[in-house]
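Written below as structure tokens is the structure these notes are about.
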Amino acid sequence: MDHLQILIQALNTEEKKDFLHFIQRYSERENRKDLELFHLLVEEKNYDRDELLQALYPLDKNLEAYHATRKRLFRQLNDFIFVSRTKVDKSQLPELKSNIELCRFLFSNQKFESGLYYLRRAEEIAQKGNYFAILEEIYALTIEYALHIKSIDLDEVIAKKHQAQQQKYIEENALTANHLIRYRLHQSMKKGEPLAIEELVNETLKTYKLNDLVAENVRLTYNIISITRSVALTKKDFYSFEPYLLKQYNLLINNSLFDKYNHDIKTNLLYIISHTLYRNKKFTEANQYADLLFKAMNEYNKMTFNAFYQKYVLLKSVILTYTKKADEAIVLLEDILSQKRFHIDKPHLLNTYINLSINYFYLKQFDKSVKNFRNLNHTDLWYQKVMGREWLLKKVMLEIMNHYELGNTDVVASKIIFIERTFADFLKIESYQRVKIFLQFIKKINNDPDLAFFKNAEEMLENAFHYQPKEVEDIQAMAFYSWIKSKIYKTDFYQTVLEIVNVEKPVL
């Protein structure tokens, strides 16, 4: 696809409208070729160069004018993105950078004391926000003009610069380690390969000299928490992660380290805590932190709310689902899908549709559940690339359950074959043996539901779940277990799920 078209289609609906106003802010003249080109490239169709030339310059196919139009449109887009991102920047970076440039201007014009006033304002903001790279720049500028400013203690400034460099180095290492571990885990999940996670994390932390890192500031602590959470997410070991997470968060709270400069991190941590408690089946506590999250989202500026609202809705909806409020979860999910003011990114949109289908399914609204799956109209290869293979596997398993309830036996059989072929490597891994048992069971009952009472049904169910304590057992796996159990004993699926997730261990 055309790179310019990719850039245009990355804009959401509201941003496209805003850009049209932006591009016409200075000129009212007609025959705007850059506007014509924008309207062409905003379409889903992929145009080649000759088609665009014909559309814009049908008489002379002026290639030089075409390239000039492309450059002009690109500059307009670049300016628009810069201006819009600067306006919504929730940090203090724009004010910081403008103060520094003002200082440079004043220093170069011999207005040293006035320049120093603005430089100290910038230093104060940078210190509060832990912007170490900018602090280093501020101190370098101070050192450059120290000869002209009597009130400066040069040794003190050099020491501050050295400290800022050290903090920047540590922070950069923490970020690099975080991204590296996330990348390795993502690659492993996509390929369905096992990975020695603890070894990877420990080796990475050692490489970047972060093993003995003390929580000196909020951002560094958050980076380490993110690394640890990557392990918890991959291993689905939220039970071990929870005490560490709460301890670190409470230390930050007790030391009063949160402020408006790092409010985005506080909000993120509240989301992580609530999500972790949900995965550990502590729904009351998860809901309490979700309420704190919502409160934090509404502090300071609208950007924080908009940035977290999609994640909040998905989290709140699953908490509602497992606290006997699937009907309220449906209202919440349907509401965000109907709100035009929110551009929902692809992963959140896909998970919203999945969660909505699950809740319809729990309330036996099977037609609605299957209909909702039609919104997921990409290819399986696309889902693997965007969401990962495990996400695709769970999606197909949910579809199998839906079509079974509707009596679509041929669809069920074809989707079982799809899983067996597409995920053959997964099914060889020990952690995915439950999927094999799920498929074996549904194969038996697909053509004859009474076979749910076949001789070794209970034994198969026992083999599928080894009666781990409910805190450790994966909540998503418990849902599939509950469906099998509901078929064997002809009980209500949703009620069975609620019972299973609220006992110490699954009981037949």
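Just remember, in the structure tokens the first chain shown is A, the second B, etc., residues are 1-based per chain, and ligands are 1-based in the order shown.
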
### Message
Just list as a PyMOL selection string whatever in range 159-291 of chain A DSSP marks as alpha helix (DSSP H).
### Response
chain A and resi 159-191+197-207+218-235+238-254+263-279+283-291

Test item: residues at most 12 Å from Glu172 in chain A, only C-alpha atoms, excluding those fewer than 3 positions along its chain, as a PDB file with all heavy atoms, in the first residue's frame:
```pdb
ATOM      1  N   TYR A 131      12.229  13.895  34.082  1.00  0.00           N
ATOM      2  CA  TYR A 131      12.675  13.969  32.688  1.00  0.00           C
ATOM      3  C   TYR A 131      14.193  14.159  32.683  1.00  0.00           C
ATOM      4  O   TYR A 131      14.709  15.275  32.537  1.00  0.00           O
ATOM      5  CB  TYR A 131      11.969  15.114  31.963  1.00  0.00           C
ATOM      6  CG  TYR A 131      10.477  14.967  31.890  1.00  0.00           C
ATOM      7  CD1 TYR A 131       9.626  15.853  32.550  1.00  0.00           C
ATOM      8  CD2 TYR A 131       9.899  13.931  31.165  1.00  0.00           C
ATOM      9  CE1 TYR A 131       8.249  15.718  32.487  1.00  0.00           C
ATOM     10  CE2 TYR A 131       8.526  13.778  31.085  1.00  0.00           C
ATOM     11  CZ  TYR A 131       7.703  14.671  31.754  1.00  0.00           C
ATOM     12  OH  TYR A 131       6.340  14.540  31.683  1.00  0.00           O
ATOM     13  N   PHE A 132      14.895  13.042  32.821  1.00  0.00           N
ATOM     14  CA  PHE A 132      16.338  13.118  33.043  1.00  0.00           C
ATOM     15  C   PHE A 132      17.098  13.608  31.812  1.00  0.00           C
ATOM     16  O   PHE A 132      18.092  14.330  31.935  1.00  0.00           O
ATOM     17  CB  PHE A 132      16.873  11.759  33.494  1.00  0.00           C
ATOM     18  CG  PHE A 132      16.233  11.279  34.765  1.00  0.00           C
ATOM     19  CD1 PHE A 132      15.484  10.112  34.792  1.00  0.00           C
ATOM     20  CD2 PHE A 132      16.367  11.996  35.944  1.00  0.00           C
ATOM     21  CE1 PHE A 132      14.883   9.676  35.961  1.00  0.00           C
ATOM     22  CE2 PHE A 132      15.774  11.567  37.115  1.00  0.00           C
ATOM     23  CZ  PHE A 132      15.022  10.396  37.130  1.00  0.00           C
ATOM     24  N   ALA A 133      16.659  13.218  30.622  1.00  0.00           N
ATOM     25  CA  ALA A 133      17.331  13.671  29.400  1.00  0.00           C
ATOM     26  C   ALA A 133      17.219  15.192  29.265  1.00  0.00           C
ATOM     27  O   ALA A 133      18.177  15.864  28.867  1.00  0.00           O
ATOM     28  CB  ALA A 133      16.733  12.978  28.182  1.00  0.00           C
ATOM     29  N   ALA A 164      21.923  13.423  36.707  1.00  0.00           N
ATOM     30  CA  ALA A 164      20.879  13.268  35.687  1.00  0.00           C
ATOM     31  C   ALA A 164      21.296  12.256  34.627  1.00  0.00           C
ATOM     32  O   ALA A 164      20.474  11.450  34.162  1.00  0.00           O
ATOM     33  CB  ALA A 164      20.580  14.621  35.032  1.00  0.00           C
ATOM     34  N   GLN A 165      22.585  12.269  34.255  1.00  0.00           N
ATOM     35  CA  GLN A 165      23.082  11.300  33.273  1.00  0.00           C
ATOM     36  C   GLN A 165      22.962   9.874  33.791  1.00  0.00           C
ATOM     37  O   GLN A 165      22.590   8.960  33.066  1.00  0.00           O
ATOM     38  CB  GLN A 165      24.547  11.614  32.936  1.00  0.00           C
ATOM     39  CG  GLN A 165      24.734  12.851  32.081  1.00  0.00           C
ATOM     40  CD  GLN A 165      26.206  13.208  31.888  1.00  0.00           C
ATOM     41  OE1 GLN A 165      27.014  13.040  32.809  1.00  0.00           O
ATOM     42  NE2 GLN A 165      26.540  13.711  30.714  1.00  0.00           N
ATOM     43  N   GLN A 166      23.299   9.686  35.077  1.00  0.00           N
ATOM     44  CA  GLN A 166      23.197   8.355  35.676  1.00  0.00           C
ATOM     45  C   GLN A 166      21.753   7.869  35.708  1.00  0.00           C
ATOM     46  O   GLN A 166      21.461   6.713  35.372  1.00  0.00           O
ATOM     47  CB  GLN A 166      23.777   8.371  37.099  1.00  0.00           C
ATOM     48  CG  GLN A 166      25.292   8.480  37.149  1.00  0.00           C
ATOM     49  CD  GLN A 166      25.799   8.437  38.579  1.00  0.00           C
ATOM     50  OE1 GLN A 166      25.235   9.057  39.474  1.00  0.00           O
ATOM     51  NE2 GLN A 166      26.874   7.685  38.798  1.00  0.00           N
ATOM     52  N   GLN A 167      20.846   8.769  36.114  1.00  0.00           N
ATOM     53  CA  GLN A 167      19.430   8.398  36.178  1.00  0.00           C
ATOM     54  C   GLN A 167      18.874   8.108  34.783  1.00  0.00           C
ATOM     55  O   GLN A 167      18.089   7.174  34.599  1.00  0.00           O
ATOM     56  CB  GLN A 167      18.628   9.525  36.834  1.00  0.00           C
ATOM     57  CG  GLN A 167      18.926   9.744  38.307  1.00  0.00           C
ATOM     58  CD  GLN A 167      18.557   8.524  39.140  1.00  0.00           C
ATOM     59  OE1 GLN A 167      17.606   7.819  38.845  1.00  0.00           O
ATOM     60  NE2 GLN A 167      19.331   8.268  40.179  1.00  0.00           N
ATOM     61  N   LYS A 168      19.308   8.904  33.801  1.00  0.00           N
ATOM     62  CA  LYS A 168      18.865   8.668  32.426  1.00  0.00           C
ATOM     63  C   LYS A 168      19.354   7.309  31.936  1.00  0.00           C
ATOM     64  O   LYS A 168      18.611   6.556  31.287  1.00  0.00           O
ATOM     65  CB  LYS A 168      19.392   9.781  31.513  1.00  0.00           C
ATOM     66  CG  LYS A 168      18.869   9.681  30.075  1.00  0.00           C
ATOM     67  CD  LYS A 168      19.452  10.743  29.173  1.00  0.00           C
ATOM     68  CE  LYS A 168      20.888  10.419  28.794  1.00  0.00           C
ATOM     69  NZ  LYS A 168      21.388  11.267  27.685  1.00  0.00           N
ATOM     70  N   TYR A 169      20.605   6.986  32.276  1.00  0.00           N
ATOM     71  CA  TYR A 169      21.193   5.707  31.867  1.00  0.00           C
ATOM     72  C   TYR A 169      20.407   4.534  32.463  1.00  0.00           C
ATOM     73  O   TYR A 169      20.088   3.560  31.771  1.00  0.00           O
ATOM     74  CB  TYR A 169      22.656   5.663  32.313  1.00  0.00           C
ATOM     75  CG  TYR A 169      23.353   4.348  32.051  1.00  0.00           C
ATOM     76  CD1 TYR A 169      23.760   4.012  30.768  1.00  0.00           C
ATOM     77  CD2 TYR A 169      23.600   3.454  33.092  1.00  0.00           C
ATOM     78  CE1 TYR A 169      24.398   2.808  30.526  1.00  0.00           C
ATOM     79  CE2 TYR A 169      24.236   2.249  32.860  1.00  0.00           C
ATOM     80  CZ  TYR A 169      24.636   1.930  31.574  1.00  0.00           C
ATOM     81  OH  TYR A 169      25.254   0.740  31.340  1.00  0.00           O
ATOM     82  N   LEU A 175      13.966   0.614  30.343  1.00  0.00           N
ATOM     83  CA  LEU A 175      13.057   0.616  29.196  1.00  0.00           C
ATOM     84  C   LEU A 175      13.497  -0.400  28.143  1.00  0.00           C
ATOM     85  O   LEU A 175      12.679  -1.127  27.578  1.00  0.00           O
ATOM     86  CB  LEU A 175      12.996   2.017  28.586  1.00  0.00           C
ATOM     87  CG  LEU A 175      12.164   3.047  29.346  1.00  0.00           C
ATOM     88  CD1 LEU A 175      12.399   4.437  28.786  1.00  0.00           C
ATOM     89  CD2 LEU A 175      10.687   2.697  29.289  1.00  0.00           C
ATOM     90  N   THR A 176      14.796  -0.447  27.876  1.00  0.00           N
ATOM     91  CA  THR A 176      15.316  -1.391  26.886  1.00  0.00           C
ATOM     92  C   THR A 176      15.052  -2.825  27.327  1.00  0.00           C
ATOM     93  O   THR A 176      14.615  -3.673  26.525  1.00  0.00           O
ATOM     94  CB  THR A 176      16.832  -1.180  26.683  1.00  0.00           C
ATOM     95  OG1 THR A 176      17.064   0.164  26.261  1.00  0.00           O
ATOM     96  CG2 THR A 176      17.369  -2.142  25.632  1.00  0.00           C
ATOM     97  N   ALA A 177      15.322  -3.120  28.599  1.00  0.00           N
ATOM     98  CA  ALA A 177      15.073  -4.463  29.131  1.00  0.00           C
ATOM     99  C   ALA A 177      13.594  -4.813  29.015  1.00  0.00           C
ATOM    100  O   ALA A 177      13.226  -5.930  28.625  1.00  0.00           O
ATOM    101  CB  ALA A 177      15.535  -4.538  30.584  1.00  0.00           C
ATOM    102  N   ASN A 178      12.753  -3.856  29.336  1.00  0.00           N
ATOM    103  CA  ASN A 178      11.310  -4.068  29.270  1.00  0.00           C
ATOM    104  C   ASN A 178      10.879  -4.423  27.848  1.00  0.00           C
ATOM    105  O   ASN A 178      10.171  -5.407  27.618  1.00  0.00           O
ATOM    106  CB  ASN A 178      10.599  -2.800  29.751  1.00  0.00           C
ATOM    107  CG  ASN A 178       9.101  -2.977  29.866  1.00  0.00           C
ATOM    108  OD1 ASN A 178       8.601  -4.096  29.931  1.00  0.00           O
ATOM    109  ND2 ASN A 178       8.375  -1.882  29.886  1.00  0.00           N
ATOM    110  N   HIS A 179      11.314  -3.618  26.888  1.00  0.00           N
ATOM    111  CA  HIS A 179      10.928  -3.851  25.493  1.00  0.00           C
ATOM    112  C   HIS A 179      11.492  -5.173  24.977  1.00  0.00           C
ATOM    113  O   HIS A 179      10.817  -5.890  24.226  1.00  0.00           O
ATOM    114  CB  HIS A 179      11.409  -2.699  24.614  1.00  0.00           C
ATOM    115  CG  HIS A 179      10.710  -1.402  24.885  1.00  0.00           C
ATOM    116  ND1 HIS A 179       9.349  -1.297  25.027  1.00  0.00           N
ATOM    117  CD2 HIS A 179      11.188  -0.142  25.061  1.00  0.00           C
ATOM    118  CE1 HIS A 179       9.012  -0.040  25.259  1.00  0.00           C
ATOM    119  NE2 HIS A 179      10.115   0.677  25.294  1.00  0.00           N
ATOM    120  N   TYR A 208      21.550  -5.489  31.985  1.00  0.00           N
ATOM    121  CA  TYR A 208      21.355  -4.047  32.067  1.00  0.00           C
ATOM    122  C   TYR A 208      21.530  -3.499  33.485  1.00  0.00           C
ATOM    123  O   TYR A 208      21.124  -2.378  33.784  1.00  0.00           O
ATOM    124  CB  TYR A 208      19.970  -3.684  31.521  1.00  0.00           C
ATOM    125  CG  TYR A 208      19.880  -3.883  30.026  1.00  0.00           C
ATOM    126  CD1 TYR A 208      19.360  -5.058  29.481  1.00  0.00           C
ATOM    127  CD2 TYR A 208      20.365  -2.916  29.156  1.00  0.00           C
ATOM    128  CE1 TYR A 208      19.304  -5.247  28.106  1.00  0.00           C
ATOM    129  CE2 TYR A 208      20.313  -3.094  27.781  1.00  0.00           C
ATOM    130  CZ  TYR A 208      19.786  -4.266  27.269  1.00  0.00           C
ATOM    131  OH  TYR A 208      19.736  -4.448  25.918  1.00  0.00           O
ATOM    132  N   LYS A 209      22.124  -4.336  34.367  1.00  0.00           N
ATOM    133  CA  LYS A 209      22.485  -3.919  35.726  1.00  0.00           C
ATOM    134  C   LYS A 209      21.282  -3.372  36.501  1.00  0.00           C
ATOM    135  O   LYS A 209      21.328  -2.308  37.117  1.00  0.00           O
ATOM    136  CB  LYS A 209      23.599  -2.857  35.671  1.00  0.00           C
ATOM    137  CG  LYS A 209      24.866  -3.361  34.991  1.00  0.00           C
ATOM    138  CD  LYS A 209      25.925  -2.279  34.898  1.00  0.00           C
ATOM    139  CE  LYS A 209      27.169  -2.800  34.186  1.00  0.00           C
ATOM    140  NZ  LYS A 209      28.216  -1.760  34.053  1.00  0.00           N
ATOM    141  N   LEU A 210      20.196  -4.154  36.460  1.00  0.00           N
ATOM    142  CA  LEU A 210      18.971  -3.723  37.116  1.00  0.00           C
ATOM    143  C   LEU A 210      18.560  -4.646  38.262  1.00  0.00           C
ATOM    144  O   LEU A 210      17.527  -4.426  38.895  1.00  0.00           O
ATOM    145  CB  LEU A 210      17.824  -3.669  36.093  1.00  0.00           C
ATOM    146  CG  LEU A 210      18.013  -2.698  34.923  1.00  0.00           C
ATOM    147  CD1 LEU A 210      16.943  -2.932  33.871  1.00  0.00           C
ATOM    148  CD2 LEU A 210      17.967  -1.262  35.403  1.00  0.00           C
ATOM    149  N   ARG A 219       8.723   6.055  37.791  1.00  0.00           N
ATOM    150  CA  ARG A 219       8.835   5.511  36.436  1.00  0.00           C
ATOM    151  C   ARG A 219       9.729   4.271  36.383  1.00  0.00           C
ATOM    152  O   ARG A 219       9.434   3.323  35.659  1.00  0.00           O
ATOM    153  CB  ARG A 219       9.350   6.593  35.477  1.00  0.00           C
ATOM    154  CG  ARG A 219       8.345   7.720  35.298  1.00  0.00           C
ATOM    155  CD  ARG A 219       8.719   8.719  34.230  1.00  0.00           C
ATOM    156  NE  ARG A 219       7.750   9.806  34.232  1.00  0.00           N
ATOM    157  CZ  ARG A 219       6.576   9.777  33.594  1.00  0.00           C
ATOM    158  NH1 ARG A 219       6.258   8.709  32.893  1.00  0.00           N
ATOM    159  NH2 ARG A 219       5.750  10.801  33.652  1.00  0.00           N
ATOM    160  N   LEU A 220      10.809   4.264  37.123  1.00  0.00           N
ATOM    161  CA  LEU A 220      11.679   3.094  37.145  1.00  0.00           C
ATOM    162  C   LEU A 220      10.967   1.907  37.774  1.00  0.00           C
ATOM    163  O   LEU A 220      11.065   0.776  37.297  1.00  0.00           O
ATOM    164  CB  LEU A 220      12.978   3.407  37.900  1.00  0.00           C
ATOM    165  CG  LEU A 220      14.148   3.860  37.022  1.00  0.00           C
ATOM    166  CD1 LEU A 220      13.841   5.158  36.300  1.00  0.00           C
ATOM    167  CD2 LEU A 220      15.408   4.011  37.848  1.00  0.00           C
ATOM    168  N   ASN A 223       8.553   0.431  35.295  1.00  0.00           N
ATOM    169  CA  ASN A 223       9.196  -0.374  34.254  1.00  0.00           C
ATOM    170  C   ASN A 223       9.486  -1.793  34.730  1.00  0.00           C
ATOM    171  O   ASN A 223       9.286  -2.764  34.004  1.00  0.00           O
ATOM    172  CB  ASN A 223      10.493   0.296  33.797  1.00  0.00           C
ATOM    173  CG  ASN A 223      10.245   1.511  32.926  1.00  0.00           C
ATOM    174  OD1 ASN A 223       9.222   1.603  32.251  1.00  0.00           O
ATOM    175  ND2 ASN A 223      11.148   2.465  32.959  1.00  0.00           N
TER     176      ASN A 223
END
```

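Counting only C-alpha atoms, the residue from A:Arg279, A:Lys260, A:His3, A:Tyr353 that sits nearest to Thr304 in chain A is A:Lys260.
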
### Task
With a distance cut-off of 12 Å and only C-alpha atoms, select the neighbouring residues of Met397 in chain A, excluding the residue or stretch itself and same-chain residues fewer than 6 positions from it, and output the selection as an MDAnalysis selection string.
chainID A and resid 354 358 390:391 403:404 411:420 423 434:436 438:439 442 476:477 479:480 483

### Task
Show which residues sit within 10 Å of Phe74 in chain A, as a ChimeraX atom specification. Count only C-alpha atoms, and ignore same-chain residues fewer than 2 positions away.
/A:4,7-8,34,38,68-72,76-80

### Message
Excluding Val201 in chain A and its own-chain neighbours fewer than 2 positions away, which residues fall within 10 Å of it when counting only C-alpha atoms? Please give them as a list in words.
### Response
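Here the qualifying residues turn out to be Ala177, Asn178, Leu180, Ile181, Arg182, Ala196, Ile197, Glu198, Glu199, Glu203, Thr204, Leu205, Lys206, Thr207, Asn211, Ile227, Thr228, Ser230 and Val231 of chain A.
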
How would the residues just picked look written out with N, CA and C atoms as a PDB file, in the first residue's frame?
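Saved as result.pdb:
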```pdb
ATOM      1  N   ALA A 177      15.322  -3.120  28.599  1.00  0.00           N
ATOM      2  CA  ALA A 177      15.073  -4.463  29.131  1.00  0.00           C
ATOM      3  C   ALA A 177      13.594  -4.813  29.015  1.00  0.00           C
ATOM      4  N   ASN A 178      12.753  -3.856  29.336  1.00  0.00           N
ATOM      5  CA  ASN A 178      11.310  -4.068  29.270  1.00  0.00           C
ATOM      6  C   ASN A 178      10.879  -4.423  27.848  1.00  0.00           C
ATOM      7  N   LEU A 180      12.713  -5.505  25.363  1.00  0.00           N
ATOM      8  CA  LEU A 180      13.328  -6.745  24.907  1.00  0.00           C
ATOM      9  C   LEU A 180      12.562  -7.958  25.417  1.00  0.00           C
ATOM     10  N   ILE A 181      12.228  -7.947  26.698  1.00  0.00           N
ATOM     11  CA  ILE A 181      11.493  -9.076  27.267  1.00  0.00           C
ATOM     12  C   ILE A 181      10.115  -9.188  26.641  1.00  0.00           C
ATOM     13  N   ARG A 182       9.449  -8.057  26.473  1.00  0.00           N
ATOM     14  CA  ARG A 182       8.136  -8.081  25.829  1.00  0.00           C
ATOM     15  C   ARG A 182       8.229  -8.661  24.409  1.00  0.00           C
ATOM     16  N   ALA A 196      11.888 -20.281  28.639  1.00  0.00           N
ATOM     17  CA  ALA A 196      12.342 -20.212  30.037  1.00  0.00           C
ATOM     18  C   ALA A 196      12.277 -18.754  30.480  1.00  0.00           C
ATOM     19  N   ILE A 197      11.110 -18.342  30.965  1.00  0.00           N
ATOM     20  CA  ILE A 197      10.853 -16.923  31.198  1.00  0.00           C
ATOM     21  C   ILE A 197      11.718 -16.358  32.319  1.00  0.00           C
ATOM     22  N   GLU A 198      11.775 -17.104  33.459  1.00  0.00           N
ATOM     23  CA  GLU A 198      12.570 -16.590  34.579  1.00  0.00           C
ATOM     24  C   GLU A 198      14.024 -16.379  34.178  1.00  0.00           C
ATOM     25  N   GLU A 199      14.528 -17.329  33.410  1.00  0.00           N
ATOM     26  CA  GLU A 199      15.913 -17.226  32.960  1.00  0.00           C
ATOM     27  C   GLU A 199      16.098 -16.012  32.055  1.00  0.00           C
ATOM     28  N   GLU A 203      18.397 -12.868  33.213  1.00  0.00           N
ATOM     29  CA  GLU A 203      19.561 -12.596  32.360  1.00  0.00           C
ATOM     30  C   GLU A 203      19.507 -11.169  31.816  1.00  0.00           C
ATOM     31  N   THR A 204      18.299 -10.738  31.423  1.00  0.00           N
ATOM     32  CA  THR A 204      18.148  -9.391  30.882  1.00  0.00           C
ATOM     33  C   THR A 204      18.403  -8.337  31.952  1.00  0.00           C
ATOM     34  N   LEU A 205      17.854  -8.546  33.138  1.00  0.00           N
ATOM     35  CA  LEU A 205      18.065  -7.599  34.231  1.00  0.00           C
ATOM     36  C   LEU A 205      19.542  -7.510  34.595  1.00  0.00           C
ATOM     37  N   LYS A 206      20.212  -8.665  34.575  1.00  0.00           N
ATOM     38  CA  LYS A 206      21.641  -8.682  34.894  1.00  0.00           C
ATOM     39  C   LYS A 206      22.435  -7.930  33.825  1.00  0.00           C
ATOM     40  N   THR A 207      22.092  -8.157  32.563  1.00  0.00           N
ATOM     41  CA  THR A 207      22.785  -7.501  31.462  1.00  0.00           C
ATOM     42  C   THR A 207      22.718  -5.981  31.581  1.00  0.00           C
ATOM     43  N   ASN A 211      19.359  -5.681  38.529  1.00  0.00           N
ATOM     44  CA  ASN A 211      18.989  -6.667  39.549  1.00  0.00           C
ATOM     45  C   ASN A 211      18.720  -6.030  40.901  1.00  0.00           C
ATOM     46  N   ILE A 227       7.914  -5.475  33.457  1.00  0.00           N
ATOM     47  CA  ILE A 227       8.684  -6.669  33.106  1.00  0.00           C
ATOM     48  C   ILE A 227       8.120  -7.884  33.831  1.00  0.00           C
ATOM     49  N   THR A 228       7.909  -7.743  35.130  1.00  0.00           N
ATOM     50  CA  THR A 228       7.400  -8.860  35.925  1.00  0.00           C
ATOM     51  C   THR A 228       6.011  -9.269  35.458  1.00  0.00           C
ATOM     52  N   SER A 230       4.860  -9.081  32.468  1.00  0.00           N
ATOM     53  CA  SER A 230       4.985  -9.827  31.219  1.00  0.00           C
ATOM     54  C   SER A 230       5.117 -11.322  31.503  1.00  0.00           C
ATOM     55  N   VAL A 231       5.875 -11.641  32.527  1.00  0.00           N
ATOM     56  CA  VAL A 231       6.043 -13.043  32.924  1.00  0.00           C
ATOM     57  C   VAL A 231       4.714 -13.605  33.416  1.00  0.00           C
TER      58      VAL A 231
END
```

### Task
Kindly indicate which residue among A:His263, A:Leu315, A:Lys364, A:Asn446 lies nearest to Asn301 in chain A, using only C-alpha atoms for the distances.
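Comparing A:His263, A:Leu315, A:Lys364, A:Asn446 against Asn301 in chain A, the winner is A:His263.
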
### Query
If we count only C-alpha atoms, what is near Met387 in chain A at a cut-off of 12 Å, once residues fewer than 4 positions away on the same chain are taken out, given as an NGL selection string?
:A and (186-187 or 189-190 or 346-351 or 378-383 or 391-395)

#### Entry: Between CA of Asn372 in chain A and CA of Leu356 in chain A, distance in Å (one decimal)
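Value for the CA of Asn372 in chain A-CA of Leu356 in chain A distance: 7.6 Å.
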